[in-house]
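Q: Provided herewith is a single structure, encoded as structure tokens, for subsequent inquiry.
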Amino acid sequence: MARPVNVVAVDLGGTTVKAARFNAQGAVEETLRLATPSSEGPEAVVAEVVRAATALVRPGIAAVGLCAPGLIDDAAGVVRYASNLGLRDTPLAAAVADRLCLPVTLEHDVRAACLAEQRLGLGAGVEDLFVVVLGTGVAAGIVSHGRLVRGDKGFAGEFGHIPVHADGELCACGQRGCLEAYVSGSALVRRYRRTGGIAENAADVTARLATDPDAARLWAEGTDALGRALVTTTVLLDPQRIVLAGGVAAAGEALTDPVRHALQDGLTWRGAPEVNISPLGADAGLLGAALRATDASVPPHSCNGRAEATAPGQYTPR
């Protein structure tokens with residue numbers, strides 16, 4: 001961690017709310033996992049995030065770091081749009097700050113994972129990095145010249161919505177043919193079930209690659225789409241290293257081998273960047289959220305239950 005403080009981090013995912021308390025040395029003291037109540041509406045989702053943070057806060061906690069998917073306005077602490085969670089213009093940071101009277105940061109979950117990768121993983125010492133998180137959805141974190149790229153409105157990195165097939169699969173965003181509709185964990189499960197297969201997660205699909213032609217075909221379509229999308233990334237950004245993370249990346253070489261092949265095939269005039277699996281596992285977003293909280297932490301405040309923005313992405317009691 002950047003500074004010797006105690007923080008709590010919460011990673012809001014499409015299926016799970018993960019939380020952890022970190023001590024001043026950056027070690028995890030306690031963790032918590034809750035099911036994301038997406039089907040119960042946005043109020044229930046926000047309440048579960050508040051519940052997770054509250055359960056882990058102890059005296060001496062300096063800040064809380066949140067991360068979430070979708071279009072994140074980190075400066076305002078607001079989830080502008082998260083299709084898989086039903087959130088729109090949701091002031092998530094303020095909801096937690098109001099409850100806990102602590103500074104609260106909000107970061108895009110994949111930018112948080114990218115931050116963790118940059119400081120603690122395969123991005124250490126890499127000036128130009130592209131981190132793809134393949135989970136319930138698909139998004140990317142971009143590091144250019146050593147700096148995390150946010151974009152004009154803070155929406156940079158929506159890699160999952162790059163169109164890969166004209167008039168293709170319907171995506172949760174309402175468009176057709178998005179990368180996310182082919183290689184996200186939810187898409188792999190949904191497409192496999194349509195063939196009559198039984199799967200609860202992407203691991204169930206990859207476990208059958210050698211025995212089920214439908215699983216093998218859908219996996220090939222997904223990895224080819226990812227490889228071709230990375231061709232566009234490479235010619236546009238020229239990253240030194242591409243890191244694949246998230247639940248789907250647990251497939252290891254079954255993922256990297258076809259992706260590397262598709263990427264190199266699409267680059268006829270130059271070599272491909274390195275493509276590797278993140279060593280940080282599924283907790284990269286949580287680590288990044290903790291780093292953001294640590295970076296932004298300030299001495300404890302007293303409060304009257306209200307919060308106001310005092311710095312980009314940071315809410316402190318007043």
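Each chain in the structure tokens gets a letter, A, B, ..., in the order shown, and its residues are numbered from 1; ligands are numbered from 1 in order too.
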Quick one: everything within 9 Å of region 285-296 of chain A, counting only C-alpha atoms, minus sequence neighbours fewer than 5 positions away in the same chain. Send it as an MDAnalysis selection string.
A: chainID A and resid 1:11 18:22 26 62:68 103:117 280 311 313:314
Q: Output C-alpha atoms of each residue in that selection to a file, as a CSV table (one decimal), in the first residue's frame.
A:
chain,number,residue,atom,x,y,z
A,1,MET,CA,0.0,0.0,0.0
A,2,ALA,CA,1.1,3.6,-0.7
A,3,ARG,CA,0.9,4.8,2.9
A,4,PRO,CA,0.8,3.1,6.3
A,5,VAL,CA,-2.9,3.3,7.0
A,6,ASN,CA,-5.7,0.8,7.6
A,7,VAL,CA,-8.4,0.7,4.9
A,8,VAL,CA,-11.5,-1.3,3.8
A,9,ALA,CA,-12.0,-2.1,0.2
A,10,VAL,CA,-15.3,-3.3,-1.5
A,11,ASP,CA,-15.5,-4.7,-5.0
A,18,LYS,CA,-16.2,-8.9,-2.2
A,19,ALA,CA,-14.8,-6.9,0.7
A,20,ALA,CA,-11.6,-6.9,2.7
A,21,ARG,CA,-9.9,-5.0,5.6
A,22,PHE,CA,-6.2,-4.2,5.0
A,26,GLY,CA,-1.1,-4.0,3.2
A,62,ALA,CA,-8.7,5.7,7.6
A,63,ALA,CA,-10.8,5.3,4.4
A,64,VAL,CA,-13.0,3.0,2.3
A,65,GLY,CA,-12.2,2.2,-1.3
A,66,LEU,CA,-15.0,1.1,-3.6
A,67,CYS,CA,-14.9,-0.3,-7.2
A,68,ALA,CA,-17.7,-1.2,-9.5
A,103,PRO,CA,-13.5,9.2,3.3
A,104,VAL,CA,-14.7,7.0,0.4
A,105,THR,CA,-13.2,6.6,-3.0
A,106,LEU,CA,-14.9,5.1,-6.1
A,107,GLU,CA,-13.0,3.6,-9.0
A,108,HIS,CA,-14.0,1.6,-12.1
A,109,ASP,CA,-13.4,-2.0,-11.1
A,110,VAL,CA,-11.1,-2.7,-14.1
A,111,ARG,CA,-9.1,0.5,-13.6
A,112,ALA,CA,-8.7,-0.6,-10.0
A,113,ALA,CA,-7.4,-3.9,-11.2
A,114,CYS,CA,-5.1,-2.1,-13.6
A,115,LEU,CA,-3.8,0.0,-10.8
A,116,ALA,CA,-3.0,-3.1,-8.7
A,117,GLU,CA,-1.4,-4.7,-11.8
A,280,LEU,CA,-3.2,-11.3,-8.9
A,311,ALA,CA,-11.2,15.8,-4.1
A,313,GLY,CA,-13.4,10.5,-6.2
A,314,GLN,CA,-13.1,11.2,-2.5
Q: Find the residues around Ala181 (chain A) up to 10 Å (only C-alpha atoms counted), leave out those fewer than 5 positions away in its own chain, and share them as a compact mmCIF listing (two decimals) with all heavy atoms, in the first residue's frame.
A:
# COMPACT_ATOMS: atom_id res chain seq x y z
N GLY A 137 -18.72 -9.23 -17.12
CA GLY A 137 -18.59 -8.43 -18.33
C GLY A 137 -17.14 -8.40 -18.76
O GLY A 137 -16.31 -9.18 -18.28
N VAL A 138 -16.82 -7.49 -19.66
CA VAL A 138 -15.44 -7.34 -20.15
C VAL A 138 -15.10 -5.86 -20.19
O VAL A 138 -15.88 -5.05 -20.72
CB VAL A 138 -15.26 -7.94 -21.56
CG1 VAL A 138 -13.85 -7.67 -22.08
CG2 VAL A 138 -15.54 -9.43 -21.56
N GLY A 160 -15.17 -4.16 -23.70
CA GLY A 160 -16.18 -5.18 -23.98
C GLY A 160 -17.21 -4.76 -25.00
O GLY A 160 -17.91 -5.60 -25.55
N HIS A 161 -17.29 -3.46 -25.26
CA HIS A 161 -18.30 -2.97 -26.21
C HIS A 161 -17.70 -2.57 -27.55
O HIS A 161 -18.35 -1.89 -28.35
CB HIS A 161 -19.11 -1.85 -25.57
CG HIS A 161 -19.81 -2.31 -24.34
ND1 HIS A 161 -20.83 -3.25 -24.37
CD2 HIS A 161 -19.60 -2.06 -23.03
CE1 HIS A 161 -21.24 -3.51 -23.14
NE2 HIS A 161 -20.50 -2.80 -22.31
N PRO A 163 -17.26 -3.49 -31.16
CA PRO A 163 -18.01 -4.43 -32.01
C PRO A 163 -17.08 -5.39 -32.74
O PRO A 163 -16.10 -4.97 -33.35
CB PRO A 163 -18.73 -3.50 -33.01
CG PRO A 163 -17.90 -2.25 -33.02
CD PRO A 163 -17.30 -2.11 -31.66
N VAL A 164 -17.36 -6.68 -32.62
CA VAL A 164 -16.54 -7.68 -33.28
C VAL A 164 -17.30 -8.45 -34.36
O VAL A 164 -16.69 -9.09 -35.21
CB VAL A 164 -15.94 -8.69 -32.26
CG1 VAL A 164 -14.92 -8.00 -31.37
CG2 VAL A 164 -17.03 -9.35 -31.43
N HIS A 165 -18.64 -8.40 -34.32
CA HIS A 165 -19.47 -9.06 -35.33
C HIS A 165 -20.66 -8.17 -35.67
O HIS A 165 -21.49 -7.90 -34.79
CB HIS A 165 -19.97 -10.42 -34.85
CG HIS A 165 -18.91 -11.45 -34.70
ND1 HIS A 165 -18.20 -11.94 -35.77
CD2 HIS A 165 -18.43 -12.09 -33.60
CE1 HIS A 165 -17.32 -12.84 -35.35
NE2 HIS A 165 -17.44 -12.94 -34.02
N GLY A 168 -24.36 -9.23 -34.70
CA GLY A 168 -24.10 -10.47 -33.97
C GLY A 168 -24.96 -10.62 -32.73
O GLY A 168 -26.09 -10.13 -32.67
N GLU A 169 -24.41 -11.29 -31.72
CA GLU A 169 -25.13 -11.55 -30.48
C GLU A 169 -25.58 -10.24 -29.82
O GLU A 169 -24.87 -9.23 -29.86
CB GLU A 169 -24.22 -12.30 -29.50
CG GLU A 169 -23.88 -13.71 -29.91
CD GLU A 169 -24.94 -14.71 -29.50
OE1 GLU A 169 -25.79 -14.38 -28.65
OE2 GLU A 169 -24.92 -15.82 -30.04
N LEU A 170 -26.76 -10.28 -29.21
CA LEU A 170 -27.26 -9.12 -28.49
C LEU A 170 -26.50 -8.98 -27.18
O LEU A 170 -26.37 -9.92 -26.40
CB LEU A 170 -28.75 -9.26 -28.21
CG LEU A 170 -29.42 -8.10 -27.46
CD1 LEU A 170 -29.37 -6.83 -28.31
CD2 LEU A 170 -30.85 -8.46 -27.10
N CYS A 171 -25.99 -7.77 -26.93
CA CYS A 171 -25.25 -7.48 -25.70
C CYS A 171 -26.19 -6.86 -24.68
O CYS A 171 -27.22 -6.27 -25.03
CB CYS A 171 -24.09 -6.55 -26.03
SG CYS A 171 -23.06 -6.10 -24.60
N ALA A 172 -25.82 -6.93 -23.41
CA ALA A 172 -26.64 -6.32 -22.34
C ALA A 172 -26.74 -4.82 -22.51
O ALA A 172 -27.68 -4.20 -22.00
CB ALA A 172 -26.04 -6.66 -20.98
N CYS A 173 -25.81 -4.21 -23.25
CA CYS A 173 -25.84 -2.76 -23.45
C CYS A 173 -26.88 -2.34 -24.48
O CYS A 173 -27.17 -1.16 -24.64
CB CYS A 173 -24.47 -2.25 -23.88
SG CYS A 173 -24.02 -2.63 -25.59
N GLN A 175 -26.57 -3.07 -27.80
CA GLN A 175 -25.97 -3.20 -29.13
C GLN A 175 -25.80 -4.67 -29.48
O GLN A 175 -25.90 -5.55 -28.62
CB GLN A 175 -24.59 -2.52 -29.15
CG GLN A 175 -24.63 -1.03 -28.88
CD GLN A 175 -23.26 -0.39 -28.99
OE1 GLN A 175 -23.10 0.60 -29.66
NE2 GLN A 175 -22.28 -0.95 -28.32
N ARG A 176 -25.52 -4.92 -30.73
CA ARG A 176 -25.25 -6.27 -31.20
C ARG A 176 -23.79 -6.42 -31.61
O ARG A 176 -23.19 -5.49 -32.13
CB ARG A 176 -26.15 -6.64 -32.38
CG ARG A 176 -27.60 -6.88 -31.98
CD ARG A 176 -28.42 -7.52 -33.09
NE ARG A 176 -29.76 -7.85 -32.62
CZ ARG A 176 -30.07 -9.00 -32.03
NH1 ARG A 176 -29.13 -9.92 -31.85
NH2 ARG A 176 -31.30 -9.23 -31.62
N SER A 186 -20.44 -14.51 -18.36
CA SER A 186 -21.89 -14.65 -18.48
C SER A 186 -22.28 -15.05 -19.90
O SER A 186 -23.21 -15.85 -20.10
CB SER A 186 -22.57 -13.35 -18.08
OG SER A 186 -22.11 -12.27 -18.85
N ALA A 187 -21.60 -14.50 -20.91
CA ALA A 187 -21.92 -14.83 -22.30
C ALA A 187 -21.58 -16.28 -22.61
O ALA A 187 -22.34 -16.98 -23.30
CB ALA A 187 -21.18 -13.90 -23.25
N LEU A 188 -20.45 -16.75 -22.13
CA LEU A 188 -20.06 -18.14 -22.37
C LEU A 188 -21.09 -19.10 -21.79
O LEU A 188 -21.48 -20.08 -22.43
CB LEU A 188 -18.68 -18.42 -21.78
CG LEU A 188 -17.49 -17.80 -22.54
CD1 LEU A 188 -16.25 -17.81 -21.67
CD2 LEU A 188 -17.25 -18.55 -23.85
N ARG A 190 -24.29 -18.39 -21.03
CA ARG A 190 -25.56 -18.22 -21.73
C ARG A 190 -25.55 -18.92 -23.09
O ARG A 190 -26.50 -19.64 -23.45
CB ARG A 190 -25.84 -16.73 -21.92
CG ARG A 190 -27.17 -16.43 -22.63
CD ARG A 190 -27.43 -14.94 -22.67
NE ARG A 190 -26.43 -14.19 -23.41
CZ ARG A 190 -25.51 -13.41 -22.85
NH1 ARG A 190 -25.45 -13.27 -21.54
NH2 ARG A 190 -24.64 -12.76 -23.60
N ARG A 191 -24.50 -18.77 -23.85
CA ARG A 191 -24.41 -19.37 -25.18
C ARG A 191 -24.32 -20.90 -25.09
O ARG A 191 -24.89 -21.62 -25.90
CB ARG A 191 -23.22 -18.81 -25.95
CG ARG A 191 -23.29 -17.31 -26.18
CD ARG A 191 -22.16 -16.83 -27.08
NE ARG A 191 -22.46 -17.15 -28.48
CZ ARG A 191 -21.53 -17.41 -29.39
NH1 ARG A 191 -20.25 -17.45 -29.05
NH2 ARG A 191 -21.88 -17.66 -30.63
N GLY A 222 -15.09 -17.21 -28.90
CA GLY A 222 -14.79 -16.17 -27.92
C GLY A 222 -13.33 -15.75 -27.93
O GLY A 222 -13.02 -14.55 -27.93
N ALA A 225 -12.53 -13.79 -31.09
CA ALA A 225 -13.04 -12.42 -31.00
C ALA A 225 -12.14 -11.56 -30.12
O ALA A 225 -11.84 -10.41 -30.45
CB ALA A 225 -14.47 -12.43 -30.45
Q: Mind listing the strand (DSSP E or B) residues of region 55-262 of chain A, per DSSP on the backbone, as a PyMOL selection string?
A: chain A and resi 61-68+71-73+78-82+87-90+104-108+129-134+138-144+147-148+163+170+176+178+241-245
Q: Just C-alpha atoms for this one: save the residues we selected as a PDB file, in the first residue's frame.
A:
ATOM      1  CA  ILE A  61      -9.816   2.674   9.563  1.00  0.00           C
ATOM      2  CA  ALA A  62      -8.689   5.716   7.560  1.00  0.00           C
ATOM      3  CA  ALA A  63     -10.772   5.320   4.385  1.00  0.00           C
ATOM      4  CA  VAL A  64     -12.966   3.031   2.315  1.00  0.00           C
ATOM      5  CA  GLY A  65     -12.246   2.221  -1.325  1.00  0.00           C
ATOM      6  CA  LEU A  66     -15.024   1.053  -3.638  1.00  0.00           C
ATOM      7  CA  CYS A  67     -14.862  -0.272  -7.160  1.00  0.00           C
ATOM      8  CA  ALA A  68     -17.700  -1.163  -9.504  1.00  0.00           C
ATOM      9  CA  LEU A  71     -19.559   3.835 -16.577  1.00  0.00           C
ATOM     10  CA  ILE A  72     -17.982   5.292 -13.443  1.00  0.00           C
ATOM     11  CA  ASP A  73     -17.741   8.997 -12.686  1.00  0.00           C
ATOM     12  CA  VAL A  78     -21.286   8.061  -9.029  1.00  0.00           C
ATOM     13  CA  VAL A  79     -22.044   4.930 -11.035  1.00  0.00           C
ATOM     14  CA  ARG A  80     -23.451   6.540 -14.172  1.00  0.00           C
ATOM     15  CA  TYR A  81     -24.520   3.267 -15.803  1.00  0.00           C
ATOM     16  CA  ALA A  82     -23.934  -0.401 -15.022  1.00  0.00           C
ATOM     17  CA  LEU A  87     -27.557   1.082 -11.702  1.00  0.00           C
ATOM     18  CA  ARG A  88     -27.933   4.497 -13.320  1.00  0.00           C
ATOM     19  CA  ASP A  89     -26.671   7.786 -11.818  1.00  0.00           C
ATOM     20  CA  THR A  90     -26.197   6.051  -8.467  1.00  0.00           C
ATOM     21  CA  VAL A 104     -14.706   7.047   0.439  1.00  0.00           C
ATOM     22  CA  THR A 105     -13.237   6.614  -3.035  1.00  0.00           C
ATOM     23  CA  LEU A 106     -14.941   5.099  -6.063  1.00  0.00           C
ATOM     24  CA  GLU A 107     -13.047   3.607  -8.998  1.00  0.00           C
ATOM     25  CA  HIS A 108     -13.986   1.594 -12.054  1.00  0.00           C
ATOM     26  CA  LEU A 129       0.131  -1.587 -20.321  1.00  0.00           C
ATOM     27  CA  PHE A 130      -3.278  -2.964 -21.328  1.00  0.00           C
ATOM     28  CA  VAL A 131      -5.172  -5.017 -18.721  1.00  0.00           C
ATOM     29  CA  VAL A 132      -8.298  -6.901 -19.801  1.00  0.00           C
ATOM     30  CA  VAL A 133     -10.611  -8.226 -17.095  1.00  0.00           C
ATOM     31  CA  LEU A 134     -12.849 -11.042 -18.300  1.00  0.00           C
ATOM     32  CA  VAL A 138     -15.440  -7.339 -20.149  1.00  0.00           C
ATOM     33  CA  ALA A 139     -13.501  -4.097 -19.721  1.00  0.00           C
ATOM     34  CA  ALA A 140      -9.918  -2.886 -19.831  1.00  0.00           C
ATOM     35  CA  GLY A 141      -7.504  -0.679 -17.958  1.00  0.00           C
ATOM     36  CA  ILE A 142      -5.009   1.374 -19.939  1.00  0.00           C
ATOM     37  CA  VAL A 143      -1.647   2.677 -18.783  1.00  0.00           C
ATOM     38  CA  SER A 144       0.067   5.048 -21.208  1.00  0.00           C
ATOM     39  CA  ARG A 147      -0.252   7.011 -16.298  1.00  0.00           C
ATOM     40  CA  LEU A 148      -3.679   5.434 -15.884  1.00  0.00           C
ATOM     41  CA  PRO A 163     -18.013  -4.427 -32.015  1.00  0.00           C
ATOM     42  CA  LEU A 170     -27.256  -9.115 -28.487  1.00  0.00           C
ATOM     43  CA  ARG A 176     -25.249  -6.275 -31.198  1.00  0.00           C
ATOM     44  CA  CYS A 178     -19.997  -6.582 -28.814  1.00  0.00           C
ATOM     45  CA  ARG A 241       2.338  -5.901 -22.379  1.00  0.00           C
ATOM     46  CA  ILE A 242      -1.249  -7.211 -22.376  1.00  0.00           C
ATOM     47  CA  VAL A 243      -2.474  -8.819 -19.155  1.00  0.00           C
ATOM     48  CA  LEU A 244      -5.596 -10.967 -18.985  1.00  0.00           C
ATOM     49  CA  ALA A 245      -7.401 -11.160 -15.641  1.00  0.00           C
TER      50      ALA A 245
END
Q: Identify which of the residues A:Leu267, A:Val205, A:Ala215, A:Leu179 lies closest to Thr234 (chain A), counting only C-alpha atoms when measuring atom-to-atom distances.
A: A:Leu267
Q: Of the candidates A:Ser39, A:Gln240, A:Thr195, A:Gln264, which one gets nearest to Ala216 (chain A) if we count only C-alpha atoms?
A: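 For Ala216 (chain A), the nearest of the candidates is A:Thr195.
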Q: Residues of region 73-300 of chain A classed as helix (DSSP H, G or I) by DSSP on the backbone are to be reported as a ChimeraX atom specification.
A: /A:92-100,109-120,159-161,180-183,185-194,202-206,213-237,247-251,253-265,281-296
